[in-house]
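One structure is given below, encoded as structure tokens.
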Amino acid sequence: MEEKDCEVSSSSDNEAGFPNDDDEEFHSGGSVPKLQFRVGSSKGRWIAELGMAQVEVKRGKLWTTTGIIRSGKTYCFIEEALYLSEIGELQILGNEDDIVIPLKDLYEKIAEEKSGCSWDNYEVYRYLKGLGYILGRNGVSWTLKDAAITRPNGEEESACAGECLEDKDTVTKLLGDMHICDAKAVFDVYLPNSRFKKSSPGEPSFVACFSGDSPPSKEDIKVLQKRTAAPLMFCHVAQGRASFFSFSSIDLPVLP
Amino acid sequence: MAPRWKWKGAEAKALAEPVSETVLELQSSFAQTEASGFLSSCNVLLSVEPEQADLLDRCCFGRPVVNVEKDKRWIQLSFEEAFFLFYKLKCVKISLHGCSLENEVDLWRSMSSFKPNFATSYKAYSHLRSKNWIVRSGLQYGVDFVVYRHHPSLVHSEYAVLVQSISGIDRLKVWSDIHCSVRLTGSVAKTLLILYVNGIVKTENMNLPLCLKDYTVEEQTIRRWSPELSREDETKT
């Protein structure tokens with residue numbers, strides 16, 4: 001059934017990795033001084049109940065590393081939508097009408113922190129994306145064939161519970177782990193990879209975590225590390241600069 | 001970071017003379033000739049035979065006090081070094097106000113009265129020494145200790161150590177502390193190592209060296225990652 005959806009819809013993501021209809025190259029807009037919407041940029045529609053945009057028109061290869069697929073349709077999180085809008089690759093239309101949502105409104109959505117991404121989170125997203133890294137939301141599968149899209153409400157536990165109910169192990173892990181943790185795992189980060197596939201992304205290089213105003217406590221680090229096999233990197237954002245620190249448990253060797 | 005040996009052949013020399021063996025030599029020398037020192041408010045002054053001074057230097061305990069005396073050498077030891085030599089290696093005797101402190105409890109109490117965080121500092125020191133790492137003061141790098149894989153004449157120190165006590169003053173409370181310490185230790189090619197000394201201190205054992213058994217030590221490194229340097233070059237295809 002889902003195969004048919006993939007063939008019929010021209011805007012569905014091609015999971016086999018063949019080039020899209022449009023051969024235009026992805027511009028890394030970060031270093032271009034004057035950004036403008038290029039002719040025929042991608043288009044999406046904001047869905048307020050989801051806090052996400054559904055992609056309706058795709059242009060460029062950037063969609064191989066951006067957006068999640070649910071039943072053949074592509075959706076993007078606020079940080080993805082904002083980033084692509086900032087660099088002129090995406091125009092987001094309103095829920096009710098076809099008016100392009102201005103950047104101001106998108107910035108406001110980030111500031112409100114209702115869609116699972118804060119400004120700090122976004123600074124890191126934008127910085128790493130600009131360098132070519134691939135980022136996904138921690139705990140959210142890149143692609144699910146039969147699942148309907150569910151709202152990510154910013155709590156990684158709930159997002160995971162919504163998406164991963166197929167995975168009984170995850171639920172057990174979540175229930176057994178009721179420590180109140182000040183730190184959060186936000187993004188799965190992959191090294192730049194031209195052969196990245198949403199259908200098999202592999203393990204992320206690290207998980208970007210945020211501990212807020214203070215450095216993470218030893219206990220919070222333990223809790224987060226138990227939930228993921230990948231290394232953790234704690235991000236600190238100040239004055240528009242993002243720094244990354246790893247806090248690793250070691251066992252100093254006994255010397256002869 | 002791989003160990004940075006100071007000269008060609010240094011690594012081979014280190015392999016040929018393990019720290020643990022020099023420590024055994026030290027113990028046997030002091031067993032034959034007793035050494036005694038006395039406690040001041042900030043250190044212990046020890047008088048030893050020249051050969052013993054040499055052994056102490058090879059194991060990196062203390063600093064020599066330069067004077068004209070020829071037949072004896074004077075070494076000044078930190079509290080941690082002195083207590084380790086006294087309690088763990090059973091090498092020295094220490095006296096206070098002319099009375100020898102035979103009982104480790106008395107020595108422990110005296111040192112703790114002079115230095116409030118002595119217990120956690122000593123636990124961290126002895127934890128590192130027990131793994132045969134050379135431990136020296138890290139003051140000039142803004143940390144508590146620096147540790148060497150072998151004698152400082154052979155190798156640069158690899159880790160700059162901050163001791164974090166479960167019940168004491170918090171180090172690295174805010175992000176700027178982390179930035180500061182990581183940058184400082186990185187600029188001298190060392191990795192920042194935090195030792196968490198966790199003490200489940202039972203009140204009846206408080207102030208006694210016995211409480212050391214109840215303390216555990218956890219190690220954690222803090223490193224800064226640079227995204228520009230880490231990506232592969234297949235970015236734009």
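We name chains A, B, ... following the order of the structure tokens; residues begin at 1 in each chain, and ligands are numbered from 1 as shown.
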Find the nearest atom pair between each residue of chain B and chain A for residues within 9 Å, count only C-alpha atoms, give distances in Å to one decimal, sort rows by chain and ascending number, and present the table as JSON lines.
```
{"residue": "B:Leu15", "atom": "CA", "partner": "A:Pro256", "partner_atom": "CA", "distance": 8.2}
{"residue": "B:Pro18", "atom": "CA", "partner": "A:Pro256", "partner_atom": "CA", "distance": 5.5}
{"residue": "B:Val19", "atom": "CA", "partner": "A:Pro256", "partner_atom": "CA", "distance": 6.7}
{"residue": "B:Ser20", "atom": "CA", "partner": "A:Pro256", "partner_atom": "CA", "distance": 6.3}
{"residue": "B:Glu21", "atom": "CA", "partner": "A:Pro256", "partner_atom": "CA", "distance": 8.4}
{"residue": "B:Leu128", "atom": "CA", "partner": "A:Leu252", "partner_atom": "CA", "distance": 8.4}
{"residue": "B:Ser130", "atom": "CA", "partner": "A:Val254", "partner_atom": "CA", "distance": 7.9}
{"residue": "B:Lys131", "atom": "CA", "partner": "A:Val254", "partner_atom": "CA", "distance": 4.3}
{"residue": "B:Asn132", "atom": "CA", "partner": "A:Leu255", "partner_atom": "CA", "distance": 5.3}
{"residue": "B:Trp133", "atom": "CA", "partner": "A:Leu255", "partner_atom": "CA", "distance": 6.7}
{"residue": "B:Arg149", "atom": "CA", "partner": "A:Leu255", "partner_atom": "CA", "distance": 7.5}
{"residue": "B:His150", "atom": "CA", "partner": "A:Leu255", "partner_atom": "CA", "distance": 8.9}
{"residue": "B:Leu172", "atom": "CA", "partner": "A:Pro215", "partner_atom": "CA", "distance": 7.8}
{"residue": "B:Lys173", "atom": "CA", "partner": "A:Ser214", "partner_atom": "CA", "distance": 6.9}
{"residue": "B:Val174", "atom": "CA", "partner": "A:Ser214", "partner_atom": "CA", "distance": 5.3}
{"residue": "B:Trp175", "atom": "CA", "partner": "A:Pro215", "partner_atom": "CA", "distance": 5.7}
{"residue": "B:Ile178", "atom": "CA", "partner": "A:Pro215", "partner_atom": "CA", "distance": 7.8}
{"residue": "B:His179", "atom": "CA", "partner": "A:Ser243", "partner_atom": "CA", "distance": 8.8}
{"residue": "B:Tyr196", "atom": "CA", "partner": "A:Lys218", "partner_atom": "CA", "distance": 9.0}
{"residue": "B:Glu218", "atom": "CA", "partner": "A:Ser249", "partner_atom": "CA", "distance": 7.7}
{"residue": "B:Glu219", "atom": "CA", "partner": "A:Ile250", "partner_atom": "CA", "distance": 5.5}
{"residue": "B:Gln220", "atom": "CA", "partner": "A:Ser249", "partner_atom": "CA", "distance": 4.4}
{"residue": "B:Thr221", "atom": "CA", "partner": "A:Ser248", "partner_atom": "CA", "distance": 5.2}
{"residue": "B:Ile222", "atom": "CA", "partner": "A:Phe247", "partner_atom": "CA", "distance": 4.7}
{"residue": "B:Arg223", "atom": "CA", "partner": "A:Ser246", "partner_atom": "CA", "distance": 5.3}
{"residue": "B:Arg224", "atom": "CA", "partner": "A:Phe245", "partner_atom": "CA", "distance": 4.4}
{"residue": "B:Trp225", "atom": "CA", "partner": "A:Phe244", "partner_atom": "CA", "distance": 5.3}
{"residue": "B:Ser226", "atom": "CA", "partner": "A:Phe244", "partner_atom": "CA", "distance": 7.1}
{"residue": "B:Pro227", "atom": "CA", "partner": "A:Leu128", "partner_atom": "CA", "distance": 7.3}
{"residue": "B:Glu228", "atom": "CA", "partner": "A:Leu131", "partner_atom": "CA", "distance": 7.1}
{"residue": "B:Ser230", "atom": "CA", "partner": "A:Leu191", "partner_atom": "CA", "distance": 8.2}
{"residue": "B:Arg231", "atom": "CA", "partner": "A:Leu191", "partner_atom": "CA", "distance": 5.9}
{"residue": "B:Glu232", "atom": "CA", "partner": "A:Pro192", "partner_atom": "CA", "distance": 6.5}
{"residue": "B:Asp233", "atom": "CA", "partner": "A:Pro192", "partner_atom": "CA", "distance": 7.8}
{"residue": "B:Glu234", "atom": "CA", "partner": "A:Asn193", "partner_atom": "CA", "distance": 6.2}
{"residue": "B:Thr235", "atom": "CA", "partner": "A:Pro192", "partner_atom": "CA", "distance": 5.2}
{"residue": "B:Lys236", "atom": "CA", "partner": "A:Ser194", "partner_atom": "CA", "distance": 7.5}
{"residue": "B:Thr237", "atom": "CA", "partner": "A:Ser194", "partner_atom": "CA", "distance": 6.4}
```
Kindly save the residues from that selection, with C-alpha atoms included, as a compact mmCIF listing (two decimals), in the first residue's frame.
```
# COMPACT_ATOMS: atom_id res chain seq x y z
CA LEU B 15 59.43 1.07 30.69
CA PRO B 18 58.42 1.20 36.48
CA VAL B 19 57.27 3.62 39.17
CA SER B 20 56.00 0.80 41.35
CA GLU B 21 59.46 -0.73 41.55
CA LEU B 128 46.00 8.46 41.76
CA SER B 130 47.69 3.81 43.98
CA LYS B 131 47.46 3.57 40.19
CA ASN B 132 51.17 4.43 40.08
CA TRP B 133 50.73 7.86 38.56
CA ARG B 149 52.84 8.80 33.62
CA HIS B 150 56.39 8.69 34.96
CA LEU B 172 32.97 24.37 37.89
CA LYS B 173 29.63 25.74 39.03
CA VAL B 174 28.94 27.85 35.97
CA TRP B 175 29.66 27.51 32.26
CA ILE B 178 34.17 25.14 32.34
CA HIS B 179 35.30 27.35 29.45
CA TYR B 196 34.49 13.15 42.19
CA GLU B 218 34.85 8.64 40.00
CA GLU B 219 36.87 10.00 37.10
CA GLN B 220 35.53 12.23 34.35
CA THR B 221 37.28 14.13 31.58
CA ILE B 222 35.94 17.34 30.08
CA ARG B 223 37.00 18.10 26.54
CA ARG B 224 35.97 20.75 24.05
CA TRP B 225 34.94 19.66 20.58
CA SER B 226 35.43 21.77 17.49
CA PRO B 227 32.92 21.09 14.72
CA GLU B 228 35.08 22.75 12.04
CA SER B 230 35.90 17.14 12.73
CA ARG B 231 33.87 16.86 9.57
CA GLU B 232 34.97 14.86 6.58
CA ASP B 233 35.40 16.49 3.26
CA GLU B 234 32.52 14.98 1.44
CA THR B 235 30.28 17.84 2.51
CA LYS B 236 29.35 19.34 -0.80
CA THR B 237 28.72 16.79 -3.51
```
Practice task
Name all residues at most 9 Å from stretch 108-120 of chain B (count only C-alpha atoms; drop same-chain ones fewer than 2 positions away) and give them as a ChimeraX atom specification.
Solution key: /B:39-43,79-80,83,96,103-106,122-125,163-166,168,197-199,207-209,211-212,215
Can you spit out the residues from that selection as an mmCIF file, in the first residue's frame, using N, CA and C atoms?
```cif
data_model
loop_
_atom_site.group_PDB
_atom_site.id
_atom_site.type_symbol
_atom_site.label_atom_id
_atom_site.label_comp_id
_atom_site.auth_asym_id
_atom_site.auth_seq_id
_atom_site.Cartn_x
_atom_site.Cartn_y
_atom_site.Cartn_z
ATOM 1 N N LEU B 39 55.601 18.291 61.717
ATOM 2 C CA LEU B 39 54.442 18.902 61.083
ATOM 3 C C LEU B 39 54.403 20.396 61.365
ATOM 4 N N SER B 40 54.164 21.177 60.323
ATOM 5 C CA SER B 40 53.898 22.597 60.533
ATOM 6 C C SER B 40 52.481 22.844 60.068
ATOM 7 N N SER B 41 52.064 24.091 60.019
ATOM 8 C CA SER B 41 50.671 24.344 59.636
ATOM 9 C C SER B 41 50.418 24.125 58.160
ATOM 10 N N CYS B 42 51.484 23.997 57.378
ATOM 11 C CA CYS B 42 51.215 23.833 55.949
ATOM 12 C C CYS B 42 52.020 22.728 55.282
ATOM 13 N N ASN B 43 52.983 22.137 55.999
ATOM 14 C CA ASN B 43 53.727 21.056 55.361
ATOM 15 C C ASN B 43 54.396 20.186 56.420
ATOM 16 N N PHE B 79 50.966 17.867 52.819
ATOM 17 C CA PHE B 79 50.241 16.993 53.743
ATOM 18 C C PHE B 79 49.903 15.663 53.082
ATOM 19 N N GLU B 80 49.436 15.761 51.810
ATOM 20 C CA GLU B 80 49.035 14.537 51.113
ATOM 21 C C GLU B 80 50.228 13.597 50.948
ATOM 22 N N PHE B 83 51.279 12.202 54.457
ATOM 23 C CA PHE B 83 50.367 11.199 55.004
ATOM 24 C C PHE B 83 50.456 9.905 54.214
ATOM 25 N N LEU B 96 54.751 16.307 66.180
ATOM 26 C CA LEU B 96 54.166 17.644 66.289
ATOM 27 C C LEU B 96 54.474 18.167 67.685
ATOM 28 N N ASN B 103 49.981 7.476 66.233
ATOM 29 C CA ASN B 103 48.623 7.103 65.860
ATOM 30 C C ASN B 103 48.195 7.858 64.605
ATOM 31 N N GLU B 104 47.739 7.116 63.582
ATOM 32 C CA GLU B 104 47.356 7.798 62.343
ATOM 33 C C GLU B 104 46.162 8.721 62.563
ATOM 34 N N VAL B 105 45.350 8.394 63.531
ATOM 35 C CA VAL B 105 44.185 9.236 63.814
ATOM 36 C C VAL B 105 44.633 10.620 64.252
ATOM 37 N N ASP B 106 45.675 10.665 65.116
ATOM 38 C CA ASP B 106 46.180 11.971 65.580
ATOM 39 C C ASP B 106 46.752 12.785 64.436
ATOM 40 N N TYR B 122 43.201 14.230 50.104
ATOM 41 C CA TYR B 122 44.049 13.062 50.296
ATOM 42 C C TYR B 122 43.484 11.849 49.566
ATOM 43 N N LYS B 123 42.164 11.692 49.615
ATOM 44 C CA LYS B 123 41.563 10.537 48.935
ATOM 45 C C LYS B 123 41.894 10.572 47.445
ATOM 46 N N ALA B 124 41.784 11.766 46.853
ATOM 47 C CA ALA B 124 42.095 11.908 45.430
ATOM 48 C C ALA B 124 43.575 11.599 45.178
ATOM 49 N N TYR B 125 44.434 12.142 46.030
ATOM 50 C CA TYR B 125 45.886 11.924 45.888
ATOM 51 C C TYR B 125 46.223 10.444 45.959
ATOM 52 N N VAL B 163 39.628 18.368 42.011
ATOM 53 C CA VAL B 163 38.951 17.465 42.933
ATOM 54 C C VAL B 163 37.611 18.064 43.338
ATOM 55 N N GLN B 164 36.576 17.322 43.117
ATOM 56 C CA GLN B 164 35.224 17.785 43.411
ATOM 57 C C GLN B 164 34.670 16.930 44.541
ATOM 58 N N SER B 165 34.418 17.578 45.671
ATOM 59 C CA SER B 165 33.920 16.818 46.802
ATOM 60 C C SER B 165 32.408 16.855 46.852
ATOM 61 N N ILE B 166 31.839 15.797 47.354
ATOM 62 C CA ILE B 166 30.379 15.727 47.414
ATOM 63 C C ILE B 166 29.849 16.692 48.469
ATOM 64 N N GLY B 168 31.771 19.468 49.660
ATOM 65 C CA GLY B 168 32.561 20.687 49.812
ATOM 66 C C GLY B 168 32.113 21.771 48.853
ATOM 67 N N VAL B 197 34.926 12.859 44.538
ATOM 68 C CA VAL B 197 35.139 12.055 45.743
ATOM 69 C C VAL B 197 33.805 11.972 46.469
ATOM 70 N N ASN B 198 33.241 10.782 46.448
ATOM 71 C CA ASN B 198 31.934 10.584 47.066
ATOM 72 C C ASN B 198 32.113 9.952 48.421
ATOM 73 N N GLY B 199 31.697 10.660 49.441
ATOM 74 C CA GLY B 199 31.865 10.096 50.773
ATOM 75 C C GLY B 199 30.544 9.833 51.427
ATOM 76 N N ASN B 207 36.570 12.117 60.614
ATOM 77 C CA ASN B 207 37.872 12.538 61.129
ATOM 78 C C ASN B 207 38.866 11.418 61.260
ATOM 79 N N LEU B 208 38.491 10.228 60.912
ATOM 80 C CA LEU B 208 39.476 9.158 60.991
ATOM 81 C C LEU B 208 39.899 8.738 59.597
ATOM 82 N N PRO B 209 41.107 8.259 59.465
ATOM 83 C CA PRO B 209 41.502 7.767 58.148
ATOM 84 C C PRO B 209 40.628 6.605 57.693
ATOM 85 N N CYS B 211 37.566 6.554 57.351
ATOM 86 C CA CYS B 211 36.513 7.016 56.459
ATOM 87 C C CYS B 211 36.955 6.948 55.009
ATOM 88 N N LEU B 212 38.254 6.837 54.791
ATOM 89 C CA LEU B 212 38.751 6.713 53.427
ATOM 90 C C LEU B 212 38.192 5.487 52.724
ATOM 91 N N TYR B 215 34.903 6.226 51.106
ATOM 92 C CA TYR B 215 34.900 7.167 49.982
ATOM 93 C C TYR B 215 35.139 6.430 48.674
#
```
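Residues lying within 7 Å of B:Val155, counting only C-alpha atoms and ignoring same-chain neighbours fewer than 2 positions away, are Arg4, Trp5, Lys6, Tyr148, His150, His151, Pro152, Ser153 and Ser157 of chain B.
Using only C-alpha atoms, the nearest neighbour of A:Gln225 within the list A:Ala185, A:Gln239, A:Trp142, A:Arg137 is A:Ala185.
The residue that comes closest to A:Ser115, out of A:Glu49, A:Thr64, A:Leu135, A:Ala147 and on the basis of only C-alpha atoms, is A:Glu49.
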Exercise for the section: Identify, with DSSP run on backbone atoms, the residues in stretch 101-222 of chain B assigned to strand (DSSP E or B), and express the list as JSON, numbers by chain. Expected result: {"B": [134, 135, 136, 137, 145, 146, 147, 148, 155, 159, 160, 161, 162, 163, 164, 165, 191, 192, 193, 194, 195, 196, 197, 198, 199, 215, 216, 217, 218, 219, 220, 221, 222]}
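Across the structure, atom CA of A:Gly67 and atom CA of A:Gly130 are spaced 16.0 Å apart.
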Exercise for the section: Within stretch 219-255 of chain A, find each residue whose DSSP state, derived from the backbone, is helix (DSSP H, G or I), and express the selection as a PyMOL selection string. Expected result: chain A and resi 219-227
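Taking atom CA of B:Cys91 as the reference point, atom CA of B:Val146 is found at 23.7 Å.
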